[in-house]
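Participant: Contents of work02.txt (compact mmCIF, C-alpha atoms):
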# COMPACT_ATOMS: atom_id res chain seq x y z
CA MET A 690 -12.42 61.95 32.03
CA THR A 691 -14.64 63.57 34.67
CA GLN A 692 -18.39 63.05 34.60
CA ALA A 693 -20.62 66.08 34.31
CA GLN A 694 -22.13 66.92 37.70
CA PRO A 695 -25.92 66.53 37.69
CA ASP A 696 -28.28 69.29 38.74
CA TYR A 697 -28.64 68.45 42.43
CA THR A 698 -31.50 70.92 42.99
CA LEU A 699 -33.53 69.25 40.26
CA LEU A 700 -32.65 65.77 41.54
CA THR A 701 -33.70 66.75 45.08
CA ALA A 702 -37.10 67.92 43.83
CA GLN A 703 -37.57 64.77 41.74
CA ILE A 704 -36.55 62.40 44.56
CA SER A 705 -38.91 64.13 46.99
CA LYS A 706 -41.71 63.21 44.55
CA GLY A 707 -40.63 59.56 44.71
CA ASP A 708 -38.66 59.43 41.44
CA GLU A 709 -36.36 56.39 41.69
CA HIS A 710 -34.67 57.22 38.40
CA ALA A 711 -33.50 60.51 39.92
CA LEU A 712 -32.26 58.61 42.97
CA GLU A 713 -30.25 56.34 40.65
CA LYS A 714 -28.67 59.41 38.99
CA LEU A 715 -27.75 60.76 42.41
CA PHE A 716 -26.40 57.35 43.45
CA LEU A 717 -24.20 57.07 40.34
CA SER A 718 -22.88 60.57 40.95
CA LEU A 719 -22.02 60.17 44.66
CA LYS A 720 -21.61 56.41 45.21
CA ASP A 721 -17.79 56.46 45.16
CA SER A 722 -17.40 59.27 47.67
CA VAL A 723 -20.05 57.84 50.04
CA PHE A 724 -18.49 54.37 49.78
CA SER A 725 -15.05 55.82 50.46
CA VAL A 726 -16.28 57.61 53.61
CA ALA A 727 -17.94 54.43 54.90
CA LEU A 728 -14.90 52.31 54.04
CA GLY A 729 -12.62 54.68 55.93
CA TYR A 730 -14.68 54.10 59.08
CA VAL A 731 -15.75 50.44 58.92
CA ARG A 732 -12.61 49.12 57.12
CA ASN A 733 -14.44 46.35 55.29
CA THR A 734 -15.70 46.39 51.69
CA GLU A 735 -18.92 44.39 52.24
CA ASP A 736 -19.89 46.45 55.29
CA ALA A 737 -19.15 49.69 53.43
CA GLU A 738 -21.35 48.54 50.53
CA GLU A 739 -24.13 47.76 53.01
CA ILE A 740 -23.82 51.24 54.53
CA LEU A 741 -23.79 52.82 51.05
CA GLN A 742 -27.14 51.18 50.31
CA ASP A 743 -28.55 52.20 53.72
CA VAL A 744 -27.52 55.80 53.08
CA PHE A 745 -29.38 56.05 49.78
CA VAL A 746 -32.48 54.35 51.20
CA GLU A 747 -32.47 57.00 53.94
CA VAL A 748 -31.89 59.76 51.39
CA PHE A 749 -34.98 58.58 49.49
CA HIS A 750 -37.13 58.51 52.61
CA SER A 751 -35.94 61.73 54.25
CA ILE A 752 -35.07 64.03 51.35
CA GLN A 753 -37.96 66.30 52.48
CA THR A 754 -35.95 67.11 55.61
CA PHE A 755 -33.05 68.43 53.50
CA LYS A 756 -33.39 72.20 53.86
CA GLY A 757 -30.57 73.21 51.55
CA ASP A 758 -28.49 74.90 54.30
CA SER A 759 -25.50 72.92 53.03
CA SER A 760 -24.86 71.18 49.72
CA LEU A 761 -26.63 67.89 49.03
CA LYS A 762 -23.26 66.09 48.97
CA THR A 763 -22.42 67.47 52.43
CA TRP A 764 -25.80 66.35 53.80
CA ILE A 765 -25.36 62.85 52.36
CA THR A 766 -21.76 62.63 53.65
CA ARG A 767 -23.06 63.47 57.14
CA ILE A 768 -25.63 60.65 56.85
CA ALA A 769 -22.82 58.30 55.73
CA ILE A 770 -20.64 59.22 58.73
CA ASN A 771 -23.52 58.78 61.19
CA LYS A 772 -24.48 55.42 59.67
CA SER A 773 -20.84 54.28 59.78
CA LEU A 774 -20.48 55.30 63.44
CA ASP A 775 -23.76 53.55 64.31
CA TYR A 776 -22.49 50.46 62.53
CA ILE A 777 -19.22 50.51 64.48
CA LYS A 778 -21.17 50.82 67.76
CA PHE A 779 -23.39 47.92 66.69
CA LYS A 780 -20.33 45.79 65.90
CA LYS A 781 -18.73 46.63 69.25
CA ARG A 782 -21.93 45.64 71.08
CA LYS A 783 -22.02 42.41 69.09
CA LYS A 784 -18.38 41.76 69.92
CA ARG A 785 -19.04 42.28 73.65
CA PHE A 786 -22.07 39.99 73.47
CA ALA A 787 -20.03 37.34 71.64
CA PHE A 788 -17.39 37.58 74.38
CA VAL A 789 -19.97 37.11 77.14
CA THR A 790 -21.67 34.19 75.37
CA SER A 791 -18.30 32.59 74.64
CA ILE A 792 -17.83 32.19 78.40
CA PHE A 793 -20.89 29.95 78.52
CA SER A 794 -21.05 28.41 75.07
CA LYS A 795 -18.72 27.54 72.22
CA GLU A 796 -21.48 28.09 69.68
CA THR A 797 -21.17 31.84 69.31
CA GLY A 798 -21.73 33.82 66.14
CA GLU A 799 -18.34 34.84 64.88
CA VAL A 800 -18.05 38.61 64.65
CA ARG A 801 -15.82 39.91 61.92
CA ILE A 802 -14.18 43.19 62.92
CA GLN A 803 -11.41 44.39 60.69
CA GLY A 804 -8.35 45.18 62.74
CA SER A 805 -5.35 47.33 62.02
CA ASP A 806 -4.32 45.07 59.12
CA PHE A 807 -6.80 46.95 56.93
CA ASN A 808 -5.60 47.79 53.43
CA HIS A 809 -7.35 50.82 51.97
CA PRO A 810 -7.86 50.08 48.25
CA GLY A 811 -6.95 53.67 47.34
CA VAL A 812 -3.47 53.52 48.89
CA VAL A 813 -0.70 52.82 46.37
CA MET A 814 0.98 49.42 46.66
CA GLU A 815 4.30 50.62 48.12
CA ASN A 816 2.49 52.43 50.94
CA LYS A 817 0.10 49.61 51.93
CA GLU A 818 2.12 48.48 54.95
CA LYS A 819 2.76 52.03 56.16
CA SER A 820 -0.95 52.87 55.89
CA GLN A 821 -1.78 50.00 58.26
CA TYR A 822 0.19 51.76 61.01
CA LEU A 823 -1.53 55.03 60.18
CA PHE A 824 -5.03 53.52 60.38
CA GLU A 825 -4.11 51.83 63.65
CA ALA A 826 -3.17 55.25 65.08
CA ILE A 827 -6.23 56.99 63.55
CA ASP A 828 -8.49 54.56 65.44
CA LYS A 829 -7.08 55.84 68.73
CA LEU A 830 -7.75 59.53 68.04
CA PRO A 831 -10.61 61.41 69.73
CA GLU A 832 -13.75 61.31 67.54
CA LYS A 833 -13.67 64.89 66.17
CA GLN A 834 -9.94 64.79 65.42
CA ARG A 835 -10.38 61.44 63.68
CA ASP A 836 -13.25 62.81 61.57
CA ALA A 837 -11.23 65.88 60.60
CA PHE A 838 -8.21 63.79 59.59
CA MET A 839 -10.35 61.27 57.68
CA LEU A 840 -12.19 63.91 55.66
CA LEU A 841 -9.18 66.05 54.84
CA LYS A 842 -6.49 63.42 54.32
CA ILE A 843 -8.28 60.22 53.35
CA GLU A 844 -11.33 61.68 51.56
CA GLN A 845 -9.24 64.64 50.36
CA MET A 846 -12.11 67.07 50.83
CA SER A 847 -11.51 70.79 50.72
CA GLN A 848 -11.34 72.70 54.03
CA ARG A 849 -14.73 74.27 53.30
CA GLU A 850 -16.44 70.95 52.49
CA ALA A 851 -15.00 69.18 55.54
CA ALA A 852 -15.95 72.07 57.83
CA GLU A 853 -19.52 71.93 56.47
CA VAL A 854 -19.77 68.17 57.02
CA LEU A 855 -18.47 68.43 60.60
CA GLN A 856 -20.52 71.60 61.22
CA VAL A 857 -17.55 73.59 62.51
CA THR A 858 -15.81 76.72 61.27
CA GLU A 859 -12.76 76.37 59.03
CA LYS A 860 -10.67 77.86 61.83
CA ALA A 861 -11.93 75.18 64.27
CA LEU A 862 -11.22 72.52 61.66
CA GLU A 863 -7.63 73.73 61.35
CA GLY A 864 -7.27 73.42 65.13
CA LEU A 865 -8.72 69.91 65.09
CA MET A 866 -6.38 68.90 62.29
CA GLN A 867 -3.36 70.30 64.08
CA ARG A 868 -4.23 68.41 67.28
CA ALA A 869 -4.93 65.27 65.25
CA LYS A 870 -1.45 65.43 63.70
CA GLU A 871 0.21 66.04 67.09
CA ASN A 872 -1.62 63.08 68.61
CA LEU A 873 -0.86 60.89 65.60
CA ARG A 874 2.84 61.69 66.00
CA LYS A 875 2.69 60.57 69.65
CA LEU A 876 0.71 57.42 68.78
CA LEU A 877 3.04 56.53 65.91
CA SER A 878 6.02 57.12 68.18
CA ASN A 879 4.60 54.48 70.55
CA ILE A 880 4.02 52.09 67.65
CA TYR A 881 7.62 52.64 66.49
CA GLU A 882 8.92 51.79 69.97
CA GLU A 883 6.96 48.53 69.93
CA LEU A 884 8.32 47.44 66.52
CA MET B 107 18.77 66.71 61.97
CA LYS B 108 15.83 64.33 62.09
CA THR B 109 16.21 60.99 63.78
CA GLU B 110 15.29 57.69 62.16
CA LYS B 111 12.11 57.57 64.24
CA GLU B 112 11.02 61.06 63.17
CA ASN B 113 11.62 60.18 59.52
CA TRP B 114 9.55 57.02 59.92
CA ILE B 115 6.67 58.98 61.50
CA GLU B 116 6.75 61.54 58.67
CA GLU B 117 6.70 58.73 56.09
CA ILE B 118 3.67 57.14 57.76
CA LEU B 119 1.81 60.47 57.99
CA ASN B 120 2.50 61.19 54.32
CA CYS B 121 1.68 57.73 52.97
CA VAL B 122 -1.91 58.75 52.18
CA GLU B 123 -0.95 61.96 50.37
CA ASN B 124 -1.50 60.44 46.91
CA ILE B 125 -4.42 58.20 47.83
CA GLN B 126 -6.47 57.18 44.78
CA PRO B 127 -10.27 57.61 44.61
CA VAL B 128 -12.06 54.36 45.44
CA GLN B 129 -14.64 52.99 43.02
CA VAL B 130 -17.65 50.90 43.85
CA ARG B 131 -19.94 48.70 41.72
CA GLY B 132 -22.87 50.50 40.11
CA ASP B 133 -25.11 47.41 40.35
CA LEU B 134 -25.55 48.02 44.09
CA PHE B 135 -28.47 50.26 43.16
CA ALA B 136 -30.56 47.12 42.52
CA GLY B 137 -30.21 46.34 46.25
CA ILE B 138 -31.41 49.85 47.11
CA GLN B 139 -34.45 49.44 44.85
CA SER B 140 -35.40 46.12 46.39
CA ARG B 141 -35.14 47.64 49.87
CA LEU B 142 -37.29 50.59 48.81
CA HIS B 143 -39.98 48.35 47.39
CA GLY B 144 -39.87 46.10 50.43
CA SER B 145 -40.38 49.02 52.80
CA LEU B 146 -43.04 50.66 50.61
CA VAL B 147 -45.17 47.48 50.66
CA HIS B 148 -45.16 47.61 54.46
CA LEU B 149 -46.14 51.26 54.46
CA GLU B 150 -49.07 50.68 52.11
CA HIS B 151 -50.54 48.00 54.36
CA VAL B 152 -50.60 50.07 57.54
CA SER B 153 -53.20 52.83 57.21
CA THR B 154 -53.79 55.54 59.82
CA ARG B 155 -57.21 53.99 60.61
CA THR B 156 -55.57 50.66 61.40
CA VAL B 157 -53.02 52.35 63.66
CA TRP B 158 -55.82 54.13 65.59
CA LEU B 159 -57.84 50.92 65.84
CA ALA B 160 -54.81 49.09 67.22
CA ALA B 161 -54.14 51.89 69.72
CA ALA B 162 -57.80 51.91 70.83
CA SER B 163 -57.78 48.11 71.23
CA ILE B 164 -54.68 48.26 73.40
CA ALA B 165 -56.20 51.07 75.52
CA LEU B 166 -59.45 49.08 75.96
CA LEU B 167 -57.56 45.92 76.87
CA PHE B 168 -55.51 47.84 79.41
CA ALA B 169 -58.63 49.47 80.93
CA LEU B 170 -60.45 46.11 81.20
CA ASN B 171 -57.43 44.49 82.85
CA PHE B 172 -57.08 47.39 85.26
CA ALA B 173 -60.79 47.26 86.16
CA ALA B 174 -60.66 43.47 86.61
CA PHE B 175 -57.65 43.80 88.87
CA ILE B 176 -59.26 46.51 91.02
CA TYR B 177 -62.60 44.71 91.46
CA SER B 178 -61.21 41.20 91.91
CA SER B 179 -58.56 42.02 94.52
CA PRO B 180 -60.80 41.85 97.72
CA GLN B 181 -62.49 38.65 96.49
CA LYS B 182 -59.11 37.07 95.89
CA GLN B 183 -58.05 38.04 99.39
CA SER B 184 -61.21 36.49 100.92
CA ALA B 185 -60.71 33.35 98.84
CA VAL B 186 -57.23 32.95 100.24
CA HIS B 187 -58.58 33.58 103.75
CA SER B 188 -61.36 30.94 103.42
CA SER B 189 -58.95 28.33 102.02
CA ALA B 190 -56.74 28.89 105.08
CA LEU B 191 -59.74 28.31 107.37
CA ILE B 192 -60.63 25.06 105.62
CA GLN B 193 -57.04 23.89 105.90
CA ASN B 194 -57.07 24.62 109.67
CA SER B 195 -60.39 22.76 110.16
CA PHE B 196 -59.03 19.58 108.59
CA ASP B 197 -55.67 19.75 110.36
CA ILE B 198 -56.66 17.27 113.08
CA TYR B 199 -53.12 16.36 114.21
CA SER B 200 -52.01 19.80 115.28
CA ASN B 201 -52.20 20.87 118.94
CA SER B 202 -54.26 23.99 118.40
Could you show the structure in this file as structure tokens?

Facilitator:
Amino acid sequence: MTQAQPDYTLLTAQISKGDEHALEKLFLSLKDSVFSVALGYVRNTEDAEEILQDVFVEVFHSIQTFKGDSSLKTWITRIAINKSLDYIKFKKRKKRFAFVTSIFSKETGEVRIQGSDFNHPGVVMENKEKSQYLFEAIDKLPEKQRDAFMLLKIEQMSQREAAEVLQVTEKALEGLMQRAKENLRKLLSNIYEEL
Amino acid sequence: MKTEKENWIEEILNCVENIQPVQVRGDLFAGIQSRLHGSLVHLEHVSTRTVWLAAASIALLFALNFAAFIYSSPQKQSAVHSSALIQNSFDIYSNS
């Protein structure tokens, strides 16, 4: 059974007045898709939950800046992607720092970065192992190609929605997707050779 | 005819075709609310007047330090010079 979509225009107006109940309605309506976007990037449930919360805190504080050029869902998805990318950068910095400190001291904070053994909870059981190879290859794609592939294939967004989120034309998105697939084929070919 | 490798690559690329929507706990909203209230408390405490007062204090402190540095520099130099003279006067074992 699909839930009725709330009136996003009304919710936007209510949230901009500081209505937390309206924010909760928006959260319940979009939490799964925002979580899924974050999970696709950070590959860890707890981290994705953290990002999900961050996103809605930011939505509450900066809803006045939403001009309505795109849909509210698109705007929030963009925030989720940016937060996820910031989080990945933060983790990489932390990992580098942990490496440097490990040279001098054994007492370093252990940094948990999910590797290619990530199992996306949405992937059916018989495809779990195969998806690990796919995510390993996705990580090596150029940023825009990776985003295009993630939104269209993992988030299963429509061409129009994904193009809006990435702020490109649908034609450009098609090009990105085509290049992403070509590169994935090459990367998977290398992985196959190493098996 | 496709090779074994090509078939494997196709299988991997298509393994997310029927990916299921992911669901997350609804109780995470409580965490959002606590963060909102935490940040709002901070915002209430810092008024514009306080911000301006803090900025003015910093500017005044900086100006005073700058003035003190400018006016004290020659004195400091002469103090160093006089201490060197005293040191020379009491240095009875040197040849000069």

Participant: Using all atoms listed in the file and a distance of at most 8 Å, pull out the residues of chain A that contact chain B, as a PyMOL selection string.

Facilitator: chain A and resi 709+713+716-717+720-722+724-725+738+742-743+745-746+810-813+816+819-820+822-823+842-843+874+877-878+881

Participant: Using the selection just defined, write its residues with C-alpha atoms as a compact mmCIF listing (two decimals), keeping the file's coordinate frame.

Facilitator:
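Writing the result to result.txt gives the following:
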# COMPACT_ATOMS: atom_id res chain seq x y z
CA GLU A 709 -36.36 56.39 41.69
CA GLU A 713 -30.25 56.34 40.65
CA PHE A 716 -26.40 57.35 43.45
CA LEU A 717 -24.20 57.07 40.34
CA LYS A 720 -21.61 56.41 45.21
CA ASP A 721 -17.79 56.46 45.16
CA SER A 722 -17.40 59.27 47.67
CA PHE A 724 -18.49 54.37 49.78
CA SER A 725 -15.05 55.82 50.46
CA GLU A 738 -21.35 48.54 50.53
CA GLN A 742 -27.14 51.18 50.31
CA ASP A 743 -28.55 52.20 53.72
CA PHE A 745 -29.38 56.05 49.78
CA VAL A 746 -32.48 54.35 51.20
CA PRO A 810 -7.86 50.08 48.25
CA GLY A 811 -6.95 53.67 47.34
CA VAL A 812 -3.47 53.52 48.89
CA VAL A 813 -0.70 52.82 46.37
CA ASN A 816 2.49 52.43 50.94
CA LYS A 819 2.76 52.03 56.16
CA SER A 820 -0.95 52.87 55.89
CA TYR A 822 0.19 51.76 61.01
CA LEU A 823 -1.53 55.03 60.18
CA LYS A 842 -6.49 63.42 54.32
CA ILE A 843 -8.28 60.22 53.35
CA ARG A 874 2.84 61.69 66.00
CA LEU A 877 3.04 56.53 65.91
CA SER A 878 6.02 57.12 68.18
CA TYR A 881 7.62 52.64 66.49

Participant: Could you tell me how far atom CA of Leu855 of chain A lies from atom CA of Asn771 of chain A, in Å and to one decimal?

Facilitator: 10.9 Å

Participant: Go ahead and compute the interatomic distance for atom CA of Lys870 of chain A and atom CA of Gln845 of chain A, in Å to one decimal.

Facilitator: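 Straight-line distance from atom CA of Lys870 of chain A to atom CA of Gln845 of chain A works out to 15.5 Å.
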
Participant: What lies within 9 Å of Phe838 of chain A using only C-alpha atoms, ignoring chain neighbours under 5 positions off, as a list in words?

Facilitator: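 The residues that qualify are Ile827, Lys833, Ile843, Glu844, Leu865, Met866, Ala869 and Lys870 of chain A.
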
Participant: Interatomic distance between atom CA of Ile740 of chain A and atom CA of His710 of chain A?

Facilitator: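 Separation of atom CA of Ile740 of chain A and atom CA of His710 of chain A: 20.3 Å.
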
Participant: I'd like the contact shell of Thr754 of chain A - 12 Å cut-off, only C-alpha atoms, skipping same-chain residues fewer than 4 positions apart - returned as a ChimeraX atom specification.

Facilitator: /A:701-702,705,747-750,758,761,764-765

Participant: Could you add whatever atoms are missing so that segment 124-135 of chain B carries all heavy atoms, then write the result as a PDB file, in the frame of the given file?

Facilitator:
ATOM      1  N   ASN B 124      -1.044  60.672  48.288  1.00  0.00           N
ATOM      2  CA  ASN B 124      -1.500  60.440  46.910  1.00  0.00           C
ATOM      3  C   ASN B 124      -2.490  59.280  46.831  1.00  0.00           C
ATOM      4  O   ASN B 124      -2.422  58.443  45.939  1.00  0.00           O
ATOM      5  CB  ASN B 124      -0.301  60.201  45.987  1.00  0.00           C
ATOM      6  CG  ASN B 124       0.634  59.165  46.559  1.00  0.00           C
ATOM      7  OD1 ASN B 124       0.405  58.657  47.657  1.00  0.00           O
ATOM      8  ND2 ASN B 124       1.680  58.820  45.836  1.00  0.00           N
ATOM      9  N   ILE B 125      -3.398  59.258  47.780  1.00  0.00           N
ATOM     10  CA  ILE B 125      -4.420  58.200  47.830  1.00  0.00           C
ATOM     11  C   ILE B 125      -5.345  58.328  46.595  1.00  0.00           C
ATOM     12  O   ILE B 125      -5.720  59.428  46.202  1.00  0.00           O
ATOM     13  CB  ILE B 125      -5.199  58.269  49.172  1.00  0.00           C
ATOM     14  CG1 ILE B 125      -5.977  56.978  49.422  1.00  0.00           C
ATOM     15  CG2 ILE B 125      -6.096  59.474  49.268  1.00  0.00           C
ATOM     16  CD1 ILE B 125      -6.433  56.805  50.868  1.00  0.00           C
ATOM     17  N   GLN B 126      -5.648  57.187  45.993  1.00  0.00           N
ATOM     18  CA  GLN B 126      -6.470  57.180  44.780  1.00  0.00           C
ATOM     19  C   GLN B 126      -7.964  57.108  45.145  1.00  0.00           C
ATOM     20  O   GLN B 126      -8.313  56.469  46.145  1.00  0.00           O
ATOM     21  CB  GLN B 126      -6.132  55.957  43.914  1.00  0.00           C
ATOM     22  CG  GLN B 126      -4.675  55.870  43.506  1.00  0.00           C
ATOM     23  CD  GLN B 126      -4.259  57.017  42.599  1.00  0.00           C
ATOM     24  OE1 GLN B 126      -4.915  57.285  41.600  1.00  0.00           O
ATOM     25  NE2 GLN B 126      -3.203  57.722  42.977  1.00  0.00           N
ATOM     26  N   PRO B 127      -8.817  57.719  44.324  1.00  0.00           N
ATOM     27  CA  PRO B 127     -10.270  57.610  44.610  1.00  0.00           C
ATOM     28  C   PRO B 127     -10.714  56.149  44.502  1.00  0.00           C
ATOM     29  O   PRO B 127     -10.275  55.428  43.620  1.00  0.00           O
ATOM     30  CB  PRO B 127     -10.922  58.461  43.524  1.00  0.00           C
ATOM     31  CG  PRO B 127      -9.837  59.234  42.892  1.00  0.00           C
ATOM     32  CD  PRO B 127      -8.560  58.521  43.127  1.00  0.00           C
ATOM     33  N   VAL B 128     -11.574  55.750  45.414  1.00  0.00           N
ATOM     34  CA  VAL B 128     -12.060  54.360  45.440  1.00  0.00           C
ATOM     35  C   VAL B 128     -13.306  54.266  44.571  1.00  0.00           C
ATOM     36  O   VAL B 128     -14.103  55.199  44.528  1.00  0.00           O
ATOM     37  CB  VAL B 128     -12.413  53.965  46.900  1.00  0.00           C
ATOM     38  CG1 VAL B 128     -12.818  52.516  46.988  1.00  0.00           C
ATOM     39  CG2 VAL B 128     -11.239  54.229  47.813  1.00  0.00           C
ATOM     40  N   GLN B 129     -13.441  53.164  43.857  1.00  0.00           N
ATOM     41  CA  GLN B 129     -14.640  52.990  43.020  1.00  0.00           C
ATOM     42  C   GLN B 129     -15.448  51.798  43.483  1.00  0.00           C
ATOM     43  O   GLN B 129     -14.887  50.795  43.916  1.00  0.00           O
ATOM     44  CB  GLN B 129     -14.225  52.810  41.559  1.00  0.00           C
ATOM     45  CG  GLN B 129     -13.631  54.103  40.988  1.00  0.00           C
ATOM     46  CD  GLN B 129     -13.608  54.125  39.494  1.00  0.00           C
ATOM     47  OE1 GLN B 129     -13.383  53.106  38.864  1.00  0.00           O
ATOM     48  NE2 GLN B 129     -13.833  55.296  38.921  1.00  0.00           N
ATOM     49  N   VAL B 130     -16.755  51.955  43.394  1.00  0.00           N
ATOM     50  CA  VAL B 130     -17.650  50.900  43.850  1.00  0.00           C
ATOM     51  C   VAL B 130     -18.565  50.473  42.707  1.00  0.00           C
ATOM     52  O   VAL B 130     -18.819  51.253  41.783  1.00  0.00           O
ATOM     53  CB  VAL B 130     -18.453  51.372  45.092  1.00  0.00           C
ATOM     54  CG1 VAL B 130     -19.436  52.460  44.741  1.00  0.00           C
ATOM     55  CG2 VAL B 130     -19.158  50.233  45.779  1.00  0.00           C
ATOM     56  N   ARG B 131     -19.058  49.232  42.775  1.00  0.00           N
ATOM     57  CA  ARG B 131     -19.940  48.700  41.720  1.00  0.00           C
ATOM     58  C   ARG B 131     -21.228  49.513  41.590  1.00  0.00           C
ATOM     59  O   ARG B 131     -21.824  49.884  42.589  1.00  0.00           O
ATOM     60  CB  ARG B 131     -20.324  47.251  42.052  1.00  0.00           C
ATOM     61  CG  ARG B 131     -19.170  46.309  42.069  1.00  0.00           C
ATOM     62  CD  ARG B 131     -19.442  45.014  42.800  1.00  0.00           C
ATOM     63  NE  ARG B 131     -20.829  44.669  43.047  1.00  0.00           N
ATOM     64  CZ  ARG B 131     -21.251  44.174  44.203  1.00  0.00           C
ATOM     65  NH1 ARG B 131     -20.430  44.025  45.211  1.00  0.00           N
ATOM     66  NH2 ARG B 131     -22.503  43.836  44.366  1.00  0.00           N
ATOM     67  N   GLY B 132     -21.630  49.750  40.347  1.00  0.00           N
ATOM     68  CA  GLY B 132     -22.870  50.500  40.110  1.00  0.00           C
ATOM     69  C   GLY B 132     -24.103  49.644  40.321  1.00  0.00           C
ATOM     70  O   GLY B 132     -25.188  50.162  40.568  1.00  0.00           O
ATOM     71  N   ASP B 133     -23.939  48.301  40.240  1.00  0.00           N
ATOM     72  CA  ASP B 133     -25.110  47.410  40.350  1.00  0.00           C
ATOM     73  C   ASP B 133     -25.673  47.338  41.775  1.00  0.00           C
ATOM     74  O   ASP B 133     -26.682  46.678  42.006  1.00  0.00           O
ATOM     75  CB  ASP B 133     -24.785  46.006  39.831  1.00  0.00           C
ATOM     76  CG  ASP B 133     -23.687  45.320  40.620  1.00  0.00           C
ATOM     77  OD1 ASP B 133     -23.092  45.983  41.503  1.00  0.00           O
ATOM     78  OD2 ASP B 133     -23.420  44.128  40.361  1.00  0.00           O
ATOM     79  N   LEU B 134     -25.034  48.017  42.715  1.00  0.00           N
ATOM     80  CA  LEU B 134     -25.550  48.020  44.090  1.00  0.00           C
ATOM     81  C   LEU B 134     -26.895  48.754  44.176  1.00  0.00           C
ATOM     82  O   LEU B 134     -27.620  48.604  45.144  1.00  0.00           O
ATOM     83  CB  LEU B 134     -24.553  48.689  45.040  1.00  0.00           C
ATOM     84  CG  LEU B 134     -23.296  47.880  45.356  1.00  0.00           C
ATOM     85  CD1 LEU B 134     -22.318  48.721  46.145  1.00  0.00           C
ATOM     86  CD2 LEU B 134     -23.638  46.622  46.121  1.00  0.00           C
ATOM     87  N   PHE B 135     -27.199  49.535  43.141  1.00  0.00           N
ATOM     88  CA  PHE B 135     -28.470  50.260  43.160  1.00  0.00           C
ATOM     89  C   PHE B 135     -29.660  49.304  43.150  1.00  0.00           C
ATOM     90  O   PHE B 135     -30.720  49.631  43.689  1.00  0.00           O
ATOM     91  CB  PHE B 135     -28.565  51.252  41.992  1.00  0.00           C
ATOM     92  CG  PHE B 135     -29.739  52.164  42.109  1.00  0.00           C
ATOM     93  CD1 PHE B 135     -29.750  53.184  43.051  1.00  0.00           C
ATOM     94  CD2 PHE B 135     -30.865  51.985  41.322  1.00  0.00           C
ATOM     95  CE1 PHE B 135     -30.849  54.005  43.198  1.00  0.00           C
ATOM     96  CE2 PHE B 135     -31.966  52.809  41.464  1.00  0.00           C
ATOM     97  CZ  PHE B 135     -31.961  53.825  42.404  1.00  0.00           C
TER      98      PHE B 135
END
